[in-house]
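One structure below.
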Amino acid sequence: MTAGAELEGRHVLVVGLARSGRAAAEVLVTRNAAVVGYDRDDALDAGRLREIGVEVHLGREEETLLQGIDLVVKSPGVPGETPLVAGARARGIPVWSEIELGSRLLSGPLLGVTGTNGKTTTSELLGAVFRTAGRSVEVAGNVGRPLTSVVEAATPETWVVCELSSFQLEDVETLRPRVAVLLNLEPDHLDRHGTFEAYVDLKLRIFERQGAGDTAVVPRGLGPVPGEGRRVEFRFDDPLPAEPRIPGPHNRENAAAATAAARAAGIADDAIAEGLRTFPGVPHRIELVRELGGVRYVNDSKATNVAAARRALASFPESRLHVILGGRGKAEPYGPLAAAFKTGDRAYLVGEAADEIAEALDEAGVPYLRATELSEALGAAASRAAPSDVVLLSPACASFDQFDDFEARGDAFRCLVEVLR
């Protein structure tokens with residue numbers, strides 16, 4: 001029985017109706033499932049979902065929503081301990097992530113990319129390489145395009161490159177990427193997962209169901225991974241078919257991983273080389289917004305953890321940095337971030353985590369200023385920056401204290417920079 005036929009007539013509760021939840025609900029309707037949607041945001045605009053036949057409930061969670069439900073599909077932003085999800089497990093109702101639903105409905109090969117940092121860049125780079133090679137490809141997952149939203153467009157010949165976060169790897173049962181890539185492992189999302197070990201276990205689930213015909217692409221020297229995929233290792237200094245256009249040693253590491261994955265998918269080196277030479281990078285990741293008066297303004301809003309921000313700082317070894325930090329913390333220590341500052345660099349702190357970051361900067365002797373809003377921090381940085389300096393938004397924190405997501409934070413930074421005079 002196909003996954004689509006398996007869903008027909010089943011009563012499915014979708015928990016969380018942001019991007020992923022909406023896409024899941026829509027594809028379930030096309031499979032003739034009876035869909036109930038829930039979101040805690042009672043102001044959410046659910047008009048489109050109601051129009052296509054989804055029974056939408058907003059506001060307080062009520063376990064009565066589980067009555068008659070055969071399956072729960074959970075959006076990645078919904079914690080497993082939320083009452084509806086926990087209640088479903090207690091009743092023996094299966095709980096799938098949106099990724100699990102999408103992967104069951106795909107008819108072609110999946111290339112999964114996970115890791116702490118570099119996932120979006122590597123996924124989009126792979127998409128560019130596949131297109132250069134003339135392959136049918138869709139890029140989805142944590143890049144901002146739900147996997148379920150590409151199900152209709154993907155044919156059996158279409159490769160789907162899917163960025164997979166730790167949140168998305170919760171509640172997968174049958175996910176089996178033809179090629180699975182793990183870029184790196186550093187502490188992240190400890191506020192949700194509790195321990196680094198639990199976070200690592202989730203990341204490694206990308207390999208669990210791989211068979212002998214599949215490929216596991218991992219950093220050189222990484223210990224054993226689950227599954228039976230053929231192991232291929234990479235490192236930042238591997239020989240490449242071409243040098244990547246995007247700067248920084250971390251991006252060369254991403255390029256090495258993408259090269260190994262593309263080769264595993266049967267793509268020739270000439271197409272890989274063209275992709276590496278032409279791929280410009282992704283928005284919000286070490287994105288040059290503007291140069292004004294010899295000062296470069298760089299948007300790295302996607303740096304939502306300490307490791308990502310450290311990589312950004314290392315990308316400008318010859319420049320004095322004015323780094324805007326802060327937001328909602330993830331229960332990470334900030335000492336390693338403070339240690340990444342060079343003599344002459346300065347920090348500008350905003351958001352909920354400002355006090356914790358300030359403590360680490362004090363211990364490392366890094367000068368900083370506090371600001372209430374992003375605009376105030378940027379103004380202070382711009383007023384102190386001299387020609388050849390870099391003003392860098394690389395927050396090392398999530399955005400949810402002041403912005404809807406890292407994209408909104410990066411867009412706000414970009415707009416503020418564009419009006420500087």
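Residue numbering restarts at 1 in every chain; chains get A, B, ... in the order shown in the structure tokens, and ligands count up from 1 in that same order.
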
Practice item. Give me the residues within 9 Å of segment 242-257 of chain A as a PyMOL selection string, counting only C-alpha atoms and dropping any in the same chain fewer than 4 places off. Key: chain A and resi 118-119+121-122+125-126+181-183+217-219+233-238+261-262+269-270+272-281+286+311-312+314-316

Any chance you could export the current selection's C-alpha atoms as a PDB file, in the first residue's frame?
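The new file out-v6.pdb reads:
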```pdb
ATOM      1  CA  GLY A 118      26.330  24.986   7.474  1.00  0.00           C
ATOM      2  CA  LYS A 119      23.196  22.980   6.698  1.00  0.00           C
ATOM      3  CA  THR A 121      24.509  26.647   2.717  1.00  0.00           C
ATOM      4  CA  THR A 122      25.391  23.034   1.914  1.00  0.00           C
ATOM      5  CA  LEU A 125      24.945  24.496  -2.811  1.00  0.00           C
ATOM      6  CA  LEU A 126      23.939  20.913  -3.588  1.00  0.00           C
ATOM      7  CA  VAL A 181      25.365  14.120   5.221  1.00  0.00           C
ATOM      8  CA  LEU A 182      26.466  15.090   8.740  1.00  0.00           C
ATOM      9  CA  LEU A 183      28.487  18.310   8.600  1.00  0.00           C
ATOM     10  CA  VAL A 217      28.962  11.338   4.395  1.00  0.00           C
ATOM     11  CA  VAL A 218      30.672  12.274   7.671  1.00  0.00           C
ATOM     12  CA  PRO A 219      33.558  14.422   8.962  1.00  0.00           C
ATOM     13  CA  GLU A 233      34.621  11.032   4.939  1.00  0.00           C
ATOM     14  CA  PHE A 234      35.482  14.663   4.214  1.00  0.00           C
ATOM     15  CA  ARG A 235      37.590  17.474   5.658  1.00  0.00           C
ATOM     16  CA  PHE A 236      37.980  21.193   4.967  1.00  0.00           C
ATOM     17  CA  ASP A 237      41.350  20.698   3.241  1.00  0.00           C
ATOM     18  CA  ASP A 238      40.229  17.959   0.824  1.00  0.00           C
ATOM     19  CA  ALA A 261      27.557  13.931  -1.481  1.00  0.00           C
ATOM     20  CA  ALA A 262      27.231  14.985  -5.125  1.00  0.00           C
ATOM     21  CA  ASP A 269      33.286  16.646 -11.211  1.00  0.00           C
ATOM     22  CA  ASP A 270      32.881  19.212 -14.007  1.00  0.00           C
ATOM     23  CA  ILE A 272      30.447  20.059  -9.214  1.00  0.00           C
ATOM     24  CA  ALA A 273      33.246  22.478 -10.141  1.00  0.00           C
ATOM     25  CA  GLU A 274      30.839  24.830 -11.920  1.00  0.00           C
ATOM     26  CA  GLY A 275      28.496  24.774  -8.931  1.00  0.00           C
ATOM     27  CA  LEU A 276      31.319  25.584  -6.517  1.00  0.00           C
ATOM     28  CA  ARG A 277      32.586  28.440  -8.687  1.00  0.00           C
ATOM     29  CA  THR A 278      29.203  30.101  -9.174  1.00  0.00           C
ATOM     30  CA  PHE A 279      27.181  29.515  -5.986  1.00  0.00           C
ATOM     31  CA  PRO A 280      26.913  32.918  -4.243  1.00  0.00           C
ATOM     32  CA  GLY A 281      25.832  31.748  -0.790  1.00  0.00           C
ATOM     33  CA  ILE A 286      27.827  36.047   6.147  1.00  0.00           C
ATOM     34  CA  ARG A 311      32.892  30.761  12.430  1.00  0.00           C
ATOM     35  CA  ALA A 312      31.684  34.154  11.306  1.00  0.00           C
ATOM     36  CA  ALA A 314      36.999  33.703  11.972  1.00  0.00           C
ATOM     37  CA  SER A 315      35.966  34.715   8.440  1.00  0.00           C
ATOM     38  CA  PHE A 316      37.454  38.218   8.898  1.00  0.00           C
TER      39      PHE A 316
END
```

What are the nearest atom pairs, with distances in Å to one decimal, for all residues of segment 195-313 of chain A that come at most 12 Å from segment 92-111 of chain A, using only C-alpha atoms, set out by chain and rising residue number as CSV?
```
residue,atom,partner,partner_atom,distance
A:Ile206,CA,A:Leu111,CA,10.1
A:Phe207,CA,A:Leu111,CA,11.2
A:Gln210,CA,A:Leu110,CA,11.4
A:Asp214,CA,A:Leu111,CA,10.0
A:Thr215,CA,A:Leu111,CA,9.5
A:Ala216,CA,A:Leu111,CA,10.2
A:Val217,CA,A:Leu111,CA,10.6
A:Ala258,CA,A:Leu111,CA,10.7
A:Ala260,CA,A:Leu111,CA,11.9
A:Ala261,CA,A:Leu111,CA,8.1
A:Ala262,CA,A:Leu111,CA,9.4
A:Arg263,CA,A:Leu111,CA,12.0
A:Ala264,CA,A:Leu111,CA,9.9
A:Ala265,CA,A:Leu111,CA,8.5
```

Practice item. Show which residues sit within 8 Å of Leu185 of chain A, as a ChimeraX atom specification. Count only C-alpha atoms, and ignore same-chain residues fewer than 2 positions away. Key: /A:115-116,183,187,200

Residues from the last selection, C-alpha atoms, saved as a PDB file, in the first residue's frame:
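Saved to result.pdb:
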```
ATOM      1  CA  GLY A 115      24.753  19.110  11.389  1.00  0.00           C
ATOM      2  CA  THR A 116      24.989  22.044  13.753  1.00  0.00           C
ATOM      3  CA  LEU A 183      28.487  18.310   8.600  1.00  0.00           C
ATOM      4  CA  PRO A 187      26.351  22.161  21.290  1.00  0.00           C
ATOM      5  CA  VAL A 200      23.826  14.164  19.013  1.00  0.00           C
TER       6      VAL A 200
END
```

Practice item. Find the distance between atom CA of Arg209 of chain A and atom CA of Glu197 of chain A and write it in Å to one decimal. Key: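 Taking atom CA of Arg209 of chain A and atom CA of Glu197 of chain A, their separation equals 20.0 Å.
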
Practice item. Using only C-alpha atoms, find the one residue out of A:Leu240, A:Thr372, A:Asp45, A:Asp191 that sits nearest to Thr259 of chain A. Key: A:Leu240

Practice item. One decimal, Å: what's the distance from atom CA of Arg48 of chain A over to atom CA of Glu26 of chain A, could you say? Key: 9.5 Å

**Study point:** Within 7 Å of Asp401 of chain A using only C-alpha atoms, minus same-chain residues under 5 positions, as a ChimeraX atom specification
**Key:** /A:327-328,351-352

For Asn117 of chain A, find every residue with an atom within 9 Å (counting only C-alpha atoms), except residues of its own chain fewer than 6 positions away, and show them as a compact mmCIF listing (two decimals) with N, CA and C atoms, in the first residue's frame.
```txt
# COMPACT_ATOMS: atom_id res chain seq x y z
N LEU A 183 27.43 17.33 8.80
CA LEU A 183 28.49 18.31 8.60
C LEU A 183 29.39 18.47 9.81
N ASN A 184 28.81 18.55 10.99
CA ASN A 184 29.57 18.82 12.22
C ASN A 184 28.64 18.62 13.40
N LEU A 185 29.20 18.57 14.58
CA LEU A 185 28.41 18.43 15.82
C LEU A 185 29.01 19.33 16.89
N GLU A 186 28.26 20.34 17.29
CA GLU A 186 28.65 21.23 18.37
C GLU A 186 27.40 21.54 19.19
N ALA A 303 23.32 32.92 12.26
CA ALA A 303 24.19 32.41 13.32
C ALA A 303 23.44 32.44 14.64
N ASN A 305 23.72 30.19 17.11
CA ASN A 305 24.40 29.51 18.20
C ASN A 305 25.85 29.99 18.26
N ALA A 307 28.72 28.35 18.07
CA ALA A 307 29.64 27.81 17.06
C ALA A 307 29.52 28.55 15.75
N ALA A 308 28.30 28.88 15.34
CA ALA A 308 28.11 29.61 14.08
C ALA A 308 28.71 31.00 14.16
```

**Study point:** Spatial neighbours of Gly344 of chain A, max dist 12 Å, only C-alpha atoms, sep filter under 4 positions, as a list in words
**Key:**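 So, after excluding close chain neighbours, the residues are Pro317, Glu318, Ser319, Arg320, Leu321, His322, Val323, Ala340, Gly365, Val366, Pro367, Tyr368, Arg384, Ala385, Ala386, Asp389 and Val390 of chain A.
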
Point to revise | Shell of 12 Å around Phe413 of chain A, only C-alpha atoms, local chain residues under 4 positions omitted, as a VMD selection string | key: chain A and resid 284 287 to 290 297 to 301 324 373 to 379 391 to 395 403 406 to 409 417 to 420

Could you write those residues out with C-alpha atoms, as an mmCIF file, in the first residue's frame?
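Result went into part_12.cif, see below:
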```cif
data_model
loop_
_atom_site.group_PDB
_atom_site.id
_atom_site.type_symbol
_atom_site.label_atom_id
_atom_site.label_comp_id
_atom_site.auth_asym_id
_atom_site.auth_seq_id
_atom_site.Cartn_x
_atom_site.Cartn_y
_atom_site.Cartn_z
ATOM 1 C CA HIS A 284 21.514 35.871 6.281
ATOM 2 C CA GLU A 287 25.912 38.101 3.583
ATOM 3 C CA LEU A 288 27.588 41.357 2.544
ATOM 4 C CA VAL A 289 24.784 43.915 2.672
ATOM 5 C CA ARG A 290 26.714 47.054 1.823
ATOM 6 C CA TYR A 297 28.174 45.617 6.838
ATOM 7 C CA VAL A 298 27.572 41.859 7.037
ATOM 8 C CA ASN A 299 24.313 40.074 7.860
ATOM 9 C CA ASP A 300 24.893 36.772 9.634
ATOM 10 C CA SER A 301 21.504 36.558 11.364
ATOM 11 C CA ILE A 324 26.186 42.670 17.286
ATOM 12 C CA GLU A 373 17.140 47.520 20.100
ATOM 13 C CA LEU A 374 18.961 46.316 16.999
ATOM 14 C CA SER A 375 18.764 49.824 15.536
ATOM 15 C CA GLU A 376 20.551 51.282 18.568
ATOM 16 C CA ALA A 377 23.270 48.619 18.395
ATOM 17 C CA LEU A 378 23.832 49.208 14.682
ATOM 18 C CA GLY A 379 23.977 52.970 15.172
ATOM 19 C CA VAL A 391 30.095 45.623 11.268
ATOM 20 C CA LEU A 392 28.816 42.082 11.733
ATOM 21 C CA LEU A 393 25.391 40.925 12.895
ATOM 22 C CA SER A 394 26.175 37.427 14.182
ATOM 23 C CA PRO A 395 23.952 37.060 17.247
ATOM 24 C CA PHE A 403 11.719 38.933 16.043
ATOM 25 C CA PHE A 406 16.192 34.877 12.058
ATOM 26 C CA GLU A 407 15.029 35.966 8.589
ATOM 27 C CA ALA A 408 13.004 38.819 10.080
ATOM 28 C CA ARG A 409 15.998 39.854 12.181
ATOM 29 C CA VAL A 417 22.013 49.340 6.920
ATOM 30 C CA GLU A 418 20.568 50.458 3.601
ATOM 31 C CA VAL A 419 19.416 53.792 5.057
ATOM 32 C CA LEU A 420 22.745 54.600 6.749
#
```

Practice item. Determine which residues of segment 78-256 of chain A receive a DSSP assignment of alpha helix (DSSP H), computed from the backbone, and state them as a VMD selection string. Key: chain A and resid 83 to 90 98 to 105 119 to 132 190 to 193 196 to 204 249 to 256

Dump of C-alpha atoms for the selected residues, as a PDB file, in the first residue's frame:
```pdb
ATOM      1  CA  PRO A  83       0.066  18.211  26.069  1.00  0.00           C
ATOM      2  CA  LEU A  84      -1.447  17.122  22.748  1.00  0.00           C
ATOM      3  CA  VAL A  85       1.700  15.313  21.640  1.00  0.00           C
ATOM      4  CA  ALA A  86       2.306  13.727  25.044  1.00  0.00           C
ATOM      5  CA  GLY A  87      -1.369  12.786  25.227  1.00  0.00           C
ATOM      6  CA  ALA A  88      -1.192  11.132  21.817  1.00  0.00           C
ATOM      7  CA  ARG A  89       1.770   9.002  22.873  1.00  0.00           C
ATOM      8  CA  ALA A  90      -0.014   7.999  26.083  1.00  0.00           C
ATOM      9  CA  GLU A  98       6.329  16.738   9.119  1.00  0.00           C
ATOM     10  CA  ILE A  99       9.546  15.308   7.635  1.00  0.00           C
ATOM     11  CA  GLU A 100       8.333  11.752   8.256  1.00  0.00           C
ATOM     12  CA  LEU A 101       5.087  12.503   6.455  1.00  0.00           C
ATOM     13  CA  GLY A 102       6.889  14.107   3.516  1.00  0.00           C
ATOM     14  CA  SER A 103       9.453  11.345   3.163  1.00  0.00           C
ATOM     15  CA  ARG A 104       6.705   8.692   3.066  1.00  0.00           C
ATOM     16  CA  LEU A 105       5.002  10.529   0.214  1.00  0.00           C
ATOM     17  CA  LYS A 119      23.196  22.980   6.698  1.00  0.00           C
ATOM     18  CA  THR A 120      21.399  25.610   4.638  1.00  0.00           C
ATOM     19  CA  THR A 121      24.509  26.647   2.717  1.00  0.00           C
ATOM     20  CA  THR A 122      25.391  23.034   1.914  1.00  0.00           C
ATOM     21  CA  SER A 123      21.832  22.127   0.949  1.00  0.00           C
ATOM     22  CA  GLU A 124      21.463  25.107  -1.382  1.00  0.00           C
ATOM     23  CA  LEU A 125      24.945  24.496  -2.811  1.00  0.00           C
ATOM     24  CA  LEU A 126      23.939  20.913  -3.588  1.00  0.00           C
ATOM     25  CA  GLY A 127      20.788  22.168  -5.258  1.00  0.00           C
ATOM     26  CA  ALA A 128      22.943  24.436  -7.461  1.00  0.00           C
ATOM     27  CA  VAL A 129      25.273  21.538  -8.313  1.00  0.00           C
ATOM     28  CA  PHE A 130      22.371  19.261  -9.268  1.00  0.00           C
ATOM     29  CA  ARG A 131      20.894  21.969 -11.496  1.00  0.00           C
ATOM     30  CA  THR A 132      24.272  22.559 -13.130  1.00  0.00           C
ATOM     31  CA  LEU A 190      20.307  22.472  24.669  1.00  0.00           C
ATOM     32  CA  ASP A 191      17.355  24.491  25.953  1.00  0.00           C
ATOM     33  CA  ARG A 192      15.111  21.970  24.181  1.00  0.00           C
ATOM     34  CA  HIS A 193      17.103  18.739  24.135  1.00  0.00           C
ATOM     35  CA  PHE A 196      24.563  17.469  24.127  1.00  0.00           C
ATOM     36  CA  GLU A 197      24.336  13.675  24.062  1.00  0.00           C
ATOM     37  CA  ALA A 198      20.597  13.796  23.406  1.00  0.00           C
ATOM     38  CA  TYR A 199      21.157  16.360  20.656  1.00  0.00           C
ATOM     39  CA  VAL A 200      23.826  14.164  19.013  1.00  0.00           C
ATOM     40  CA  ASP A 201      21.557  11.109  19.160  1.00  0.00           C
ATOM     41  CA  LEU A 202      18.887  13.015  17.234  1.00  0.00           C
ATOM     42  CA  LYS A 203      21.362  14.159  14.588  1.00  0.00           C
ATOM     43  CA  LEU A 204      22.615  10.621  14.039  1.00  0.00           C
ATOM     44  CA  PRO A 249      37.318  27.932   5.940  1.00  0.00           C
ATOM     45  CA  HIS A 250      33.933  26.726   7.173  1.00  0.00           C
ATOM     46  CA  ASN A 251      32.525  27.153   3.674  1.00  0.00           C
ATOM     47  CA  ARG A 252      35.382  25.159   2.214  1.00  0.00           C
ATOM     48  CA  GLU A 253      34.387  22.423   4.645  1.00  0.00           C
ATOM     49  CA  ASN A 254      30.786  22.727   3.452  1.00  0.00           C
ATOM     50  CA  ALA A 255      32.026  22.494  -0.133  1.00  0.00           C
ATOM     51  CA  ALA A 256      34.003  19.336   0.681  1.00  0.00           C
TER      52      ALA A 256
END
```

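Here atom CA of Asp39 of chain A is placed at a distance of 5.5 Å from atom CA of Leu17 of chain A.
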
Using DSSP on the backbone, list every residue of segment 79-251 of chain A that comes out as strand (DSSP E), and give them as a compact mmCIF listing (two decimals) with C-alpha atoms, in the first residue's frame.
```txt
# COMPACT_ATOMS: atom_id res chain seq x y z
CA VAL A 95 3.26 10.76 16.16
CA TRP A 96 5.11 11.72 12.96
CA SER A 97 7.21 14.74 12.23
CA LEU A 110 16.24 11.87 -0.84
CA LEU A 111 19.58 13.50 0.04
CA GLY A 112 19.53 14.55 3.69
CA VAL A 113 21.84 17.19 5.20
CA THR A 114 22.19 17.75 8.94
CA VAL A 137 16.08 18.65 -7.97
CA GLU A 138 14.06 20.29 -5.20
CA VAL A 139 15.60 21.79 -2.04
CA ALA A 140 13.40 21.63 1.05
CA GLY A 141 13.27 21.10 4.81
CA TRP A 159 16.28 14.29 -6.16
CA VAL A 160 15.09 16.12 -3.05
CA VAL A 161 17.87 17.75 -1.04
CA CYS A 162 16.46 18.12 2.46
CA GLU A 163 18.02 20.15 5.26
CA VAL A 179 22.73 9.98 0.68
CA ALA A 180 22.94 11.34 4.24
CA VAL A 181 25.36 14.12 5.22
CA LEU A 182 26.47 15.09 8.74
CA THR A 215 25.98 6.56 1.45
CA ALA A 216 26.81 8.19 4.80
CA VAL A 217 28.96 11.34 4.39
CA VAL A 218 30.67 12.27 7.67
CA PRO A 219 33.56 14.42 8.96
CA ARG A 230 28.77 3.15 2.79
CA ARG A 231 30.91 5.60 4.77
CA VAL A 232 32.57 8.51 2.94
CA GLU A 233 34.62 11.03 4.94
CA PHE A 234 35.48 14.66 4.21
```
